[in-house]
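Data from work-v5.txt: compact mmCIF, C-alpha atoms and all ligand atoms
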# COMPACT_ATOMS: atom_id res chain seq x y z
CA ILE K 126 -89.45 -26.00 193.49
CA GLU K 127 -93.23 -25.63 193.56
CA PRO K 128 -95.30 -26.49 190.48
CA GLN K 129 -96.36 -23.31 188.73
CA LEU K 130 -99.68 -24.59 187.39
CA SER K 131 -102.74 -23.84 189.48
CA GLY K 132 -106.53 -24.05 189.57
CA ASP K 133 -108.46 -26.09 186.98
CA PHE K 134 -105.35 -26.48 184.85
CA ALA K 135 -103.50 -28.10 187.73
CA THR K 136 -106.47 -30.43 188.33
CA LEU K 137 -106.54 -31.41 184.65
CA MET K 138 -102.83 -32.15 184.82
CA GLU K 139 -103.35 -34.33 187.90
CA TRP K 140 -106.00 -36.33 186.05
CA ALA K 141 -103.65 -36.67 183.08
CA ASP K 142 -100.83 -37.82 185.36
CA GLY K 143 -103.15 -40.41 186.85
CA VAL K 144 -103.65 -42.18 183.54
CA ARG K 145 -100.50 -41.67 181.54
CA LYS K 146 -97.96 -44.45 181.34
CA MET K 147 -95.05 -42.53 179.84
CA LYS K 148 -92.93 -40.24 181.96
CA VAL K 149 -92.39 -36.68 180.78
CA ARG K 150 -88.95 -35.15 181.00
CA ALA K 151 -87.54 -31.92 179.62
CA ASN K 152 -84.63 -30.93 177.42
CA ALA K 153 -82.71 -28.56 179.67
CA GLU K 154 -79.15 -27.32 179.80
CA THR K 155 -79.26 -24.17 181.95
CA PRO K 156 -80.46 -23.65 185.52
CA LEU K 157 -83.34 -21.54 184.16
CA ASP K 158 -84.42 -24.36 181.80
CA ALA K 159 -84.25 -26.85 184.65
CA GLU K 160 -86.26 -24.66 187.02
CA THR K 161 -88.88 -23.99 184.34
CA ALA K 162 -89.07 -27.69 183.56
CA ARG K 163 -89.73 -28.54 187.19
CA LYS K 164 -92.36 -25.83 187.54
CA PHE K 165 -94.23 -27.40 184.63
CA GLY K 166 -93.97 -30.85 186.18
CA ALA K 167 -91.04 -32.44 184.34
CA GLU K 168 -89.95 -35.70 185.92
CA GLY K 169 -86.32 -35.37 184.95
CA ILE K 170 -84.02 -34.07 182.24
CA GLY K 171 -84.13 -36.26 179.16
CA LEU K 172 -81.51 -34.30 177.26
CA CYS K 173 -78.92 -31.92 178.60
CA ARG K 174 -77.04 -30.74 175.54
CA THR K 175 -73.53 -29.64 176.49
CA GLU K 176 -72.50 -27.74 173.35
CA HIS K 177 -73.79 -24.31 174.28
CA MET K 178 -72.06 -24.40 177.65
CA PHE K 179 -68.79 -24.01 175.79
CA PHE K 180 -69.68 -20.78 174.03
CA ASP K 181 -69.52 -18.78 177.22
CA PRO K 182 -67.00 -15.94 176.61
CA GLU K 183 -64.95 -17.13 179.60
CA ARG K 184 -64.56 -20.57 178.08
CA ILE K 185 -64.43 -20.20 174.33
CA GLY K 186 -60.67 -19.46 174.26
CA ALA K 187 -59.92 -22.74 176.03
CA VAL K 188 -62.44 -24.54 173.80
CA ARG K 189 -60.70 -23.31 170.66
CA GLN K 190 -57.38 -24.38 172.12
CA MET K 191 -58.82 -27.82 172.93
CA ILE K 192 -59.96 -28.29 169.33
CA MET K 193 -56.92 -26.80 167.63
CA ALA K 194 -54.17 -28.44 169.71
CA ASP K 195 -52.54 -31.23 167.77
CA THR K 196 -50.94 -32.73 170.85
CA GLU K 197 -52.60 -34.41 173.78
CA ASP K 198 -50.71 -32.10 176.18
CA GLY K 199 -52.09 -29.01 174.43
CA ARG K 200 -55.61 -30.40 174.71
CA ARG K 201 -55.20 -31.46 178.33
CA ASP K 202 -54.01 -27.99 179.29
CA ALA K 203 -57.18 -26.46 177.80
CA LEU K 204 -59.39 -29.14 179.34
CA SER K 205 -57.98 -28.57 182.82
CA ARG K 206 -59.26 -24.99 182.51
CA LEU K 207 -62.69 -26.16 181.35
CA LEU K 208 -63.21 -28.80 184.03
CA PRO K 209 -64.23 -26.43 186.87
CA PHE K 210 -66.83 -24.77 184.62
CA GLN K 211 -68.35 -28.10 183.62
CA ARG K 212 -68.40 -29.32 187.21
CA GLU K 213 -70.33 -26.19 188.17
CA ASP K 214 -72.75 -26.65 185.23
CA PHE K 215 -73.68 -30.16 186.34
CA LEU K 216 -73.68 -29.32 190.03
CA GLU K 217 -76.38 -26.71 189.47
CA LEU K 218 -78.51 -28.99 187.33
CA PHE K 219 -78.28 -31.87 189.84
CA ARG K 220 -79.13 -29.49 192.65
CA ILE K 221 -82.25 -28.17 190.88
CA MET K 222 -83.41 -31.61 189.75
CA ALA K 223 -83.09 -32.89 193.33
CA GLY K 224 -82.67 -36.59 192.65
CA LEU K 225 -84.76 -36.76 189.46
CA PRO K 226 -82.97 -38.43 186.53
CA VAL K 227 -80.62 -36.23 184.52
CA THR K 228 -79.44 -37.40 181.11
CA ILE K 229 -76.28 -35.60 180.10
CA ARG K 230 -75.19 -35.91 176.52
CA LEU K 231 -71.48 -35.75 175.88
CA LEU K 232 -70.31 -33.09 173.46
CA ASP K 233 -71.89 -33.12 169.99
CA PRO K 234 -70.86 -29.96 168.18
CA PRO K 235 -70.73 -29.32 164.54
CA LEU K 236 -66.98 -28.76 164.70
CA HIS K 237 -66.93 -25.58 162.62
CA GLU K 238 -68.71 -23.71 165.41
CA PHE K 239 -65.68 -24.22 167.63
CA LEU K 240 -62.99 -23.42 165.09
CA PRO K 241 -61.36 -20.00 165.13
CA HIS K 242 -62.45 -18.01 162.08
CA LYS K 243 -61.27 -14.44 162.57
CA ASP K 244 -57.57 -13.54 162.38
CA SER K 245 -57.71 -12.35 165.97
CA GLU K 246 -59.11 -15.73 167.10
CA ILE K 247 -56.41 -17.62 165.22
CA ALA K 248 -53.74 -15.37 166.72
CA GLU K 249 -55.10 -15.99 170.20
CA VAL K 250 -55.08 -19.78 169.77
CA ALA K 251 -51.57 -19.65 168.31
CA GLN K 252 -50.40 -17.74 171.35
CA SER K 253 -52.03 -20.12 173.83
CA LEU K 254 -50.44 -23.11 172.11
CA GLY K 255 -47.08 -21.47 171.47
CA ALA K 256 -47.57 -22.17 167.75
CA ASP K 257 -47.12 -19.90 164.76
CA VAL K 258 -50.09 -18.26 163.11
CA ALA K 259 -49.53 -19.86 159.70
CA ALA K 260 -49.54 -23.35 161.27
CA MET K 261 -52.80 -22.55 163.04
CA GLN K 262 -54.35 -21.30 159.81
CA ARG K 263 -53.42 -24.57 158.13
CA ARG K 264 -54.85 -26.58 161.03
CA ALA K 265 -58.12 -24.63 160.96
CA ALA K 266 -58.37 -25.30 157.22
CA ASP K 267 -57.62 -29.02 157.77
CA LEU K 268 -60.34 -29.29 160.39
CA SER K 269 -63.01 -27.44 158.46
CA GLU K 270 -65.59 -29.60 156.70
CA ALA K 271 -67.92 -29.24 153.73
CA ASN K 272 -70.81 -30.87 155.63
CA PRO K 273 -70.23 -30.37 159.35
CA MET K 274 -73.60 -31.88 160.31
CA LEU K 275 -72.54 -35.12 158.62
CA GLY K 276 -68.98 -34.95 159.74
CA HIS K 277 -66.65 -34.94 162.69
CA ARG K 278 -69.22 -34.58 165.43
CA GLY K 279 -70.84 -36.56 168.23
CA CYS K 280 -69.07 -39.72 169.32
CA ARG K 281 -66.67 -39.37 166.39
CA LEU K 282 -65.14 -36.38 168.15
CA GLY K 283 -65.19 -38.29 171.44
CA LEU K 284 -63.16 -41.05 169.79
CA THR K 285 -60.63 -38.84 168.07
CA TYR K 286 -60.24 -36.54 171.10
CA PRO K 287 -61.06 -38.84 174.07
CA GLU K 288 -59.71 -36.26 176.53
CA ILE K 289 -62.80 -34.12 175.91
CA TYR K 290 -65.21 -36.85 176.98
CA GLU K 291 -62.90 -37.77 179.87
CA MET K 292 -63.13 -34.23 181.16
CA GLN K 293 -66.92 -34.18 180.86
CA VAL K 294 -67.36 -37.55 182.55
CA ARG K 295 -65.05 -36.50 185.37
CA ALA K 296 -67.05 -33.28 185.81
CA ILE K 297 -70.31 -35.26 185.96
CA PHE K 298 -69.05 -37.64 188.66
CA GLU K 299 -67.29 -34.97 190.68
CA ALA K 300 -70.50 -32.93 190.67
CA ALA K 301 -72.68 -35.93 191.56
CA ILE K 302 -70.40 -36.82 194.47
CA ALA K 303 -70.41 -33.21 195.70
CA ILE K 304 -74.23 -33.27 195.69
CA ALA K 305 -74.27 -36.60 197.51
CA LYS K 306 -72.05 -35.10 200.21
CA GLU K 307 -74.10 -31.89 200.37
CA THR K 308 -77.57 -33.46 200.50
CA GLY K 309 -77.02 -37.06 201.52
CA LYS K 310 -78.80 -38.09 198.33
CA ALA K 311 -76.80 -38.99 195.23
CA PRO K 312 -78.12 -38.11 191.78
CA VAL K 313 -78.17 -40.96 189.24
CA PRO K 314 -76.46 -39.51 186.18
CA GLU K 315 -77.40 -40.97 182.82
CA ILE K 316 -74.51 -40.40 180.45
CA MET K 317 -75.49 -40.37 176.80
CA ILE K 318 -73.29 -40.89 173.75
CA PRO K 319 -74.37 -39.01 170.61
CA LEU K 320 -74.39 -39.96 166.92
CA VAL K 321 -73.50 -43.61 167.34
CA ALA K 322 -73.59 -45.64 164.12
CA LEU K 323 -71.32 -48.55 165.03
CA ARG K 324 -71.33 -51.00 167.90
CA ARG K 325 -67.61 -50.43 168.46
CA GLU K 326 -68.08 -46.68 168.94
CA LEU K 327 -70.35 -47.29 171.90
CA GLU K 328 -68.21 -50.10 173.32
CA ILE K 329 -65.09 -47.93 173.38
CA LEU K 330 -66.85 -44.91 174.84
CA ARG K 331 -68.72 -46.92 177.44
CA ALA K 332 -65.35 -48.29 178.57
CA LEU K 333 -64.05 -44.70 178.77
CA VAL K 334 -66.99 -43.68 180.98
CA ASP K 335 -66.55 -46.72 183.23
CA ARG K 336 -62.80 -46.11 183.56
CA VAL K 337 -63.14 -42.43 184.46
CA ALA K 338 -65.96 -43.27 186.89
CA GLN K 339 -63.71 -45.76 188.68
CA GLU K 340 -60.87 -43.21 188.82
CA VAL K 341 -63.11 -40.59 190.43
CA PHE K 342 -64.61 -43.13 192.84
CA ALA K 343 -61.12 -44.24 193.91
CA GLU K 344 -59.95 -40.64 194.41
CA THR K 345 -63.00 -39.63 196.44
CA SER K 346 -63.82 -42.95 198.17
CA HIS K 347 -67.37 -42.44 196.96
CA HIS K 348 -69.44 -44.56 194.61
CA ILE K 349 -72.29 -43.30 192.46
CA VAL K 350 -74.82 -45.41 190.59
CA TYR K 351 -74.99 -44.35 186.95
CA GLN K 352 -76.20 -45.44 183.55
CA VAL K 353 -74.67 -45.19 180.10
CA GLY K 354 -76.84 -45.02 177.03
CA THR K 355 -76.87 -43.87 173.47
CA MET K 356 -78.78 -41.63 171.17
CA ILE K 357 -80.41 -43.52 168.32
CA GLU K 358 -80.31 -40.87 165.64
CA LEU K 359 -78.80 -42.57 162.62
CA PRO K 360 -80.60 -45.22 160.57
CA ARG K 361 -77.70 -47.62 160.98
CA ALA K 362 -77.92 -47.45 164.75
CA ALA K 363 -81.63 -48.26 164.60
CA LEU K 364 -80.98 -51.27 162.39
CA ILE K 365 -78.24 -52.72 164.61
CA ALA K 366 -80.05 -51.84 167.84
CA ASP K 367 -79.82 -55.46 169.05
CA SER K 368 -76.04 -55.33 169.16
CA ILE K 369 -75.86 -51.71 170.35
CA ALA K 370 -78.16 -52.60 173.26
CA GLU K 371 -75.46 -54.87 174.66
CA SER K 372 -73.49 -51.76 175.69
CA ALA K 373 -76.44 -49.51 176.55
CA ASP K 374 -78.66 -49.09 179.59
CA PHE K 375 -81.00 -46.85 177.61
CA PHE K 376 -81.74 -45.54 174.14
CA SER K 377 -82.94 -42.03 173.44
CA PHE K 378 -84.31 -41.39 169.98
CA GLY K 379 -82.81 -38.29 168.42
CA THR K 380 -85.54 -37.78 165.90
CA ASN K 381 -84.13 -34.46 164.65
CA ASP K 382 -81.05 -36.13 163.21
CA LEU K 383 -82.98 -39.27 162.39
CA THR K 384 -85.40 -37.25 160.27
CA GLN K 385 -82.48 -35.46 158.60
CA THR K 386 -80.73 -38.72 157.74
CA VAL K 387 -83.82 -40.73 156.79
CA PHE K 388 -84.98 -38.05 154.34
CA GLY K 389 -81.46 -37.02 153.33
CA LEU K 390 -82.65 -33.51 154.07
CA SER K 391 -80.59 -30.93 155.95
CA ARG K 392 -82.26 -29.86 159.20
CA ASP K 393 -80.86 -26.40 158.75
CA ASP K 394 -82.24 -25.88 155.26
CA ALA K 395 -85.54 -27.73 155.58
CA GLY K 396 -87.51 -24.47 155.67
CA LYS K 397 -86.49 -23.69 152.08
CA PHE K 398 -88.86 -26.04 150.29
CA LEU K 399 -90.66 -28.16 152.88
CA PRO K 400 -93.48 -25.60 153.24
CA PHE K 401 -94.11 -26.05 149.50
CA TYR K 402 -94.32 -29.84 149.92
CA VAL K 403 -96.79 -29.47 152.76
CA GLU K 404 -98.84 -26.84 150.94
CA LYS K 405 -99.11 -29.06 147.85
CA GLY K 406 -99.88 -32.16 149.88
CA ILE K 407 -96.73 -33.99 148.74
CA LEU K 408 -96.08 -34.41 152.48
CA PRO K 409 -99.02 -34.19 154.89
CA LYS K 410 -96.98 -32.45 157.57
CA ASP K 411 -93.52 -31.19 158.42
CA PRO K 412 -91.51 -34.29 159.42
CA PHE K 413 -89.22 -32.18 161.62
CA VAL K 414 -92.25 -31.34 163.77
CA SER K 415 -94.38 -34.48 163.68
CA ILE K 416 -92.83 -37.95 163.39
CA ASP K 417 -92.88 -39.39 159.88
CA ILE K 418 -94.47 -42.69 160.82
CA ASP K 419 -93.53 -44.63 157.69
CA GLY K 420 -89.82 -43.79 157.64
CA VAL K 421 -88.52 -42.41 160.93
CA GLY K 422 -91.28 -44.14 162.90
CA ALA K 423 -90.52 -47.50 161.31
CA LEU K 424 -86.89 -47.19 162.37
CA VAL K 425 -87.91 -46.21 165.91
CA GLN K 426 -90.09 -49.32 166.07
CA ILE K 427 -87.33 -51.54 164.72
CA ALA K 428 -84.82 -50.15 167.20
CA ALA K 429 -87.23 -50.51 170.12
CA GLU K 430 -88.02 -54.09 169.22
CA ARG K 431 -84.44 -55.15 168.50
CA GLY K 432 -83.03 -53.34 171.50
CA ARG K 433 -85.50 -54.95 173.87
CA LYS K 434 -84.89 -58.37 172.33
CA THR K 435 -81.34 -58.06 173.65
CA LYS K 436 -82.34 -56.33 176.89
CA PRO K 437 -86.00 -56.63 177.86
CA ASP K 438 -85.70 -53.84 180.44
CA LEU K 439 -83.89 -51.41 178.11
CA LYS K 440 -85.16 -47.92 178.91
CA LEU K 441 -86.47 -46.08 175.84
CA GLY K 442 -87.11 -42.39 175.40
CA ILE K 443 -87.24 -39.68 172.78
CA CYS K 444 -85.50 -36.33 172.97
CA GLY K 445 -85.91 -34.86 169.47
CA GLU K 446 -88.32 -31.95 168.97
CA HIS K 447 -91.02 -34.54 168.32
CA GLY K 448 -91.08 -35.35 172.04
CA GLY K 449 -93.27 -32.27 172.51
CA ASP K 450 -95.64 -32.90 169.58
CA PRO K 451 -98.97 -34.56 170.52
CA ALA K 452 -99.28 -36.77 167.41
CA SER K 453 -95.68 -37.96 167.86
CA ILE K 454 -96.30 -38.58 171.57
CA HIS K 455 -99.20 -40.87 170.62
CA PHE K 456 -96.82 -42.77 168.39
CA CYS K 457 -94.25 -43.00 171.20
CA GLY K 458 -96.89 -44.41 173.55
CA ALA K 459 -97.98 -47.03 171.02
CA THR K 460 -94.33 -47.98 170.45
CA GLY K 461 -93.76 -48.66 174.14
CA LEU K 462 -91.41 -45.81 175.00
CA ASP K 463 -90.86 -45.15 178.70
CA TYR K 464 -90.62 -41.39 178.44
CA VAL K 465 -90.73 -38.38 176.16
CA SER K 466 -88.47 -35.38 176.64
CA CYS K 467 -89.37 -31.98 175.27
CA SER K 468 -88.79 -28.27 175.68
CA PRO K 469 -89.67 -27.15 179.24
CA TYR K 470 -92.65 -25.09 178.04
CA ARG K 471 -94.15 -28.07 176.26
CA VAL K 472 -94.14 -30.29 179.35
CA PRO K 473 -97.85 -29.68 180.16
CA VAL K 474 -98.85 -30.44 176.55
CA ALA K 475 -96.77 -33.60 176.70
CA ARG K 476 -98.36 -34.68 179.99
CA LEU K 477 -101.78 -34.29 178.43
CA ALA K 478 -100.84 -36.02 175.17
CA ALA K 479 -99.24 -38.90 177.07
CA ALA K 480 -102.51 -39.38 178.95
CA GLN K 481 -104.50 -39.34 175.71
CA ALA K 482 -102.05 -41.84 174.24
CA ALA K 483 -102.60 -44.16 177.20
CA LEU K 484 -106.39 -43.85 176.89
CA THR K 485 -106.67 -44.34 173.14
CA GLY K 486 -103.65 -46.53 172.46
CA THR K 487 -103.40 -45.09 168.95
CA GLY K 488 -100.12 -44.52 167.21
CA GLY K 489 -100.48 -41.39 165.07
CA ASP K 490 -101.27 -40.83 161.40
CA ARG K 491 -99.41 -42.45 158.54
CA THR K 492 -97.25 -40.23 156.41
CA ALA K 493 -97.33 -41.76 152.96
C1 LIG K 501 -81.79 -35.05 167.77
O1 LIG K 501 -80.99 -35.19 166.85
O2 LIG K 501 -83.00 -35.35 167.71
C2 LIG K 501 -81.34 -34.50 169.06
C3 LIG K 501 -82.14 -34.45 170.10
O3 LIG K 501 -80.09 -33.98 169.11
P1 LIG K 501 -79.72 -32.53 168.51
O4 LIG K 501 -81.00 -31.86 168.15
O5 LIG K 501 -78.96 -31.84 169.56
O6 LIG K 501 -78.88 -32.94 167.33
MG MG K 502 -78.88 -35.09 167.26

Please re-express this file's structure in structure tokens.
Amino acid sequence: IEPQLSGDFATLMEWADGVRKMKVRANAETPLDAETARKFGAEGIGLCRTEHMFFDPERIGAVRQMIMADTEDGRRDALSRLLPFQREDFLELFRIMAGLPVTIRLLDPPLHEFLPHKDSEIAEVAQSLGADVAAMQRRAADLSEANPMLGHRGCRLGLTYPEIYEMQVRAIFEAAIAIAKETGKAPVPEIMIPLVALRRELEILRALVDRVAQEVFAETSHHIVYQVGTMIELPRAALIADSIAESADFFSFGTNDLTQTVFGLSRDDAGKFLPFYVEKGILPKDPFVSIDIDGVGALVQIAAERGRKTKPDLKLGICGEHGGDPASIHFCGATGLDYVSCSPYRVPVARLAAAQAALTGTGGDRTA
């Protein structure tokens, strides 16, 4: 894939690349995202969210079955239908990224988005599981939550339904091995666990990744180098980063959720009164756009310091929306992050901001 930038802009980018210390990756989950990211000069995928992949009309029936089944067999049946799709998803991304790092985050849905809501959806799930409709209605009600964004999502779902993460990890390794066979060059998958708050969550899920990796390697007589890391997106994870780092090869700061949880402010409803705060000067800027240095930023610094105390070579990145915001990128540079990851279209801005960060060494403006 050829870079799309040309002329003076391309020259400016080359100068920026010559001075910046941080790498710039993109958040990408579709082949189009990945191609766009490469055209703008991304040096890898820093966050491949896997949630949207499951909404494809061909898959959603199996996804609903996977969530609604109350037996492991029922879930495994649905997952066996989803595995080929996931393998293809990762195969395409690895192919496009051609050996550049690809961080794949295991499933992190707000659960309600996967639950059947309409009668016809409930009837369909009931049929696929051989269950009666009333039982499925009760199960959907049991699984629904008052606050899905603070509920059964991220690694919590991976712990309660380990088969889902097993399927995804298998798909990642099967795809990576297929690419290695096809091109002679193996991708290095970086598998990322979302919404970790407790050391034990990461320990258990890292063991799951390692076990499934060994199974796939034994079946295929192929070995792939990989890394396992975690999102740092809850204040507790930032505070216990020294112990979390024992099970992580990298940290990626999920500053969207970190902002939500530090402020106690729903990401989805922030637009309702935040503009008033900014207009009145109660907050100097929208913390969902530009890192709040005093709260979120302090936790990022604590986590970086504590994580690297345990593991001096711990790789650190950011994949929240802030990874594409120049002021936040300055802060990331001053905090010693190895890379920022942002929307594909923001990659040039990030390359420039990372260069400015390296030249000035400043860390962004204080919030309050
Ligand atoms: C985040 O929380 O910053 C993040 C990148 O994850 P998501 O936006 O998917 O929750
Ligand atoms: Mg998040």

Checklist entry - Neighbours of Pro469 of chain K within 8 Å (all atoms listed in the file; same-chain residues fewer than 6 positions away dropped), as an NGL selection string? => result :K and (151-153 or 158-159 or 161-162 or 165 or 167)

Checklist entry - Neighbours of ligand LIG 501 (chain K) within 7 Å, counting all atoms listed in the file, as number ranges by chain? => result K: 174, 358, 378-383, 444-446

Store the residues of this selection in a file with C-alpha atoms, as a PDB file, in the frame of the given file.
ATOM      1  CA  ARG K 174     -77.040 -30.740 175.540  1.00  0.00           C
ATOM      2  CA  GLU K 358     -80.310 -40.870 165.640  1.00  0.00           C
ATOM      3  CA  PHE K 378     -84.310 -41.390 169.980  1.00  0.00           C
ATOM      4  CA  GLY K 379     -82.810 -38.290 168.420  1.00  0.00           C
ATOM      5  CA  THR K 380     -85.540 -37.780 165.900  1.00  0.00           C
ATOM      6  CA  ASN K 381     -84.130 -34.460 164.650  1.00  0.00           C
ATOM      7  CA  ASP K 382     -81.050 -36.130 163.210  1.00  0.00           C
ATOM      8  CA  LEU K 383     -82.980 -39.270 162.390  1.00  0.00           C
ATOM      9  CA  CYS K 444     -85.500 -36.330 172.970  1.00  0.00           C
ATOM     10  CA  GLY K 445     -85.910 -34.860 169.470  1.00  0.00           C
ATOM     11  CA  GLU K 446     -88.320 -31.950 168.970  1.00  0.00           C
TER      12      GLU K 446
END

Checklist entry - What is the atom CA of Ala203 of chain K-atom CA of Ile229 of chain K distance in Å, reported with one decimal? => result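 Taking atom CA of Ala203 of chain K as the start and atom CA of Ile229 of chain K as the end point, the length is 21.3 Å.
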
What are the nearest atom pairs, with distances in Å to one decimal, for all residues of chain K that come at most 12 Å from ligand MG 502 (chain K), using only C-alpha atoms and all ligand atoms, set out by chain and rising residue number as JSON lines?
{"residue": "K:Leu172", "atom": "CA", "partner": "K:MG502", "partner_atom": "MG", "distance": 10.4}
{"residue": "K:Cys173", "atom": "CA", "partner": "K:MG502", "partner_atom": "MG", "distance": 11.8}
{"residue": "K:Arg174", "atom": "CA", "partner": "K:MG502", "partner_atom": "MG", "distance": 9.5}
{"residue": "K:Thr175", "atom": "CA", "partner": "K:MG502", "partner_atom": "MG", "distance": 12.0}
{"residue": "K:Glu176", "atom": "CA", "partner": "K:MG502", "partner_atom": "MG", "distance": 11.5}
{"residue": "K:Arg230", "atom": "CA", "partner": "K:MG502", "partner_atom": "MG", "distance": 10.0}
{"residue": "K:Leu231", "atom": "CA", "partner": "K:MG502", "partner_atom": "MG", "distance": 11.4}
{"residue": "K:Leu232", "atom": "CA", "partner": "K:MG502", "partner_atom": "MG", "distance": 10.8}
{"residue": "K:Asp233", "atom": "CA", "partner": "K:MG502", "partner_atom": "MG", "distance": 7.8}
{"residue": "K:Pro234", "atom": "CA", "partner": "K:MG502", "partner_atom": "MG", "distance": 9.6}
{"residue": "K:Pro235", "atom": "CA", "partner": "K:MG502", "partner_atom": "MG", "distance": 10.3}
{"residue": "K:Met274", "atom": "CA", "partner": "K:MG502", "partner_atom": "MG", "distance": 9.3}
{"residue": "K:Leu275", "atom": "CA", "partner": "K:MG502", "partner_atom": "MG", "distance": 10.7}
{"residue": "K:Arg278", "atom": "CA", "partner": "K:MG502", "partner_atom": "MG", "distance": 9.8}
{"residue": "K:Gly279", "atom": "CA", "partner": "K:MG502", "partner_atom": "MG", "distance": 8.2}
{"residue": "K:Cys280", "atom": "CA", "partner": "K:MG502", "partner_atom": "MG", "distance": 11.0}
{"residue": "K:Met317", "atom": "CA", "partner": "K:MG502", "partner_atom": "MG", "distance": 11.4}
{"residue": "K:Ile318", "atom": "CA", "partner": "K:MG502", "partner_atom": "MG", "distance": 10.3}
{"residue": "K:Pro319", "atom": "CA", "partner": "K:MG502", "partner_atom": "MG", "distance": 6.9}
{"residue": "K:Leu320", "atom": "CA", "partner": "K:MG502", "partner_atom": "MG", "distance": 6.6}
{"residue": "K:Val321", "atom": "CA", "partner": "K:MG502", "partner_atom": "MG", "distance": 10.1}
{"residue": "K:Thr355", "atom": "CA", "partner": "K:MG502", "partner_atom": "MG", "distance": 10.9}
{"residue": "K:Met356", "atom": "CA", "partner": "K:MG502", "partner_atom": "MG", "distance": 7.6}
{"residue": "K:Ile357", "atom": "CA", "partner": "K:MG502", "partner_atom": "MG", "distance": 8.6}
{"residue": "K:Glu358", "atom": "CA", "partner": "K:MG502", "partner_atom": "MG", "distance": 6.2}
{"residue": "K:Leu359", "atom": "CA", "partner": "K:MG502", "partner_atom": "MG", "distance": 8.8}
{"residue": "K:Ser377", "atom": "CA", "partner": "K:MG502", "partner_atom": "MG", "distance": 10.1}
{"residue": "K:Phe378", "atom": "CA", "partner": "K:MG502", "partner_atom": "MG", "distance": 8.8}
{"residue": "K:Gly379", "atom": "CA", "partner": "K:MG502", "partner_atom": "MG", "distance": 5.2}
{"residue": "K:Thr380", "atom": "CA", "partner": "K:MG502", "partner_atom": "MG", "distance": 7.3}
{"residue": "K:Asn381", "atom": "CA", "partner": "K:MG502", "partner_atom": "MG", "distance": 5.9}
{"residue": "K:Asp382", "atom": "CA", "partner": "K:MG502", "partner_atom": "MG", "distance": 4.7}
{"residue": "K:Leu383", "atom": "CA", "partner": "K:MG502", "partner_atom": "MG", "distance": 7.6}
{"residue": "K:Thr384", "atom": "CA", "partner": "K:MG502", "partner_atom": "MG", "distance": 9.8}
{"residue": "K:Gln385", "atom": "CA", "partner": "K:MG502", "partner_atom": "MG", "distance": 9.4}
{"residue": "K:Thr386", "atom": "CA", "partner": "K:MG502", "partner_atom": "MG", "distance": 10.4}
{"residue": "K:Arg392", "atom": "CA", "partner": "K:MG502", "partner_atom": "MG", "distance": 10.2}
{"residue": "K:Ile443", "atom": "CA", "partner": "K:MG502", "partner_atom": "MG", "distance": 11.0}
{"residue": "K:Cys444", "atom": "CA", "partner": "K:MG502", "partner_atom": "MG", "distance": 8.8}
{"residue": "K:Gly445", "atom": "CA", "partner": "K:MG502", "partner_atom": "MG", "distance": 7.4}
{"residue": "K:Glu446", "atom": "CA", "partner": "K:MG502", "partner_atom": "MG", "distance": 10.1}

Checklist entry - What is the distance, in Å and to one decimal place, between atom CA of Ile349 of chain K and atom CA of Lys306 of chain K? => result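 A separation of 11.3 Å between them.
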
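Ranking K:Gly224, K:Lys148, K:Val353, K:Met178 by their shortest atom-to-atom distance to Cys457 of chain K, with all atoms listed in the file included, puts K:Lys148 first.
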
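The smallest atom-to-atom distance between Ser205 of chain K and any of K:Glu288, K:Glu238, K:Glu344, K:Glu371, using all atoms listed in the file, is found for K:Glu288.
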
Next on the checklist: For a quick check of understanding, using only C-alpha atoms, which of K:Pro226, K:Gly422, K:Pro182, K:Pro287 has the smallest distance to Phe456 of chain K?
Outcome noted: K:Gly422

Next on the checklist: Can you measure atom CA of Ala187 of chain K to atom CA of Leu218 of chain K for me? One decimal in Å is fine.
Outcome noted: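 For atom CA of Ala187 of chain K relative to atom CA of Leu218 of chain K, the distance reads 22.6 Å.
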
Next on the checklist: Please list as a list in words every residue within 9 Å of Phe298 of chain K, counting all atoms listed in the file and excluding residues in the same chain fewer than 6 positions away.
Outcome noted: Arg212, Pro314, Val337, Ala338, Val341, Phe342 and Ile349 of chain K

Next on the checklist: Give me the residues near Asp463 of chain K as a PyMOL selection string, where near means some atom within 8 Å (using only C-alpha atoms) and where sequence neighbours in that chain fewer than 6 positions away do not count.
Outcome noted: chain K and resi 146-148+440-442
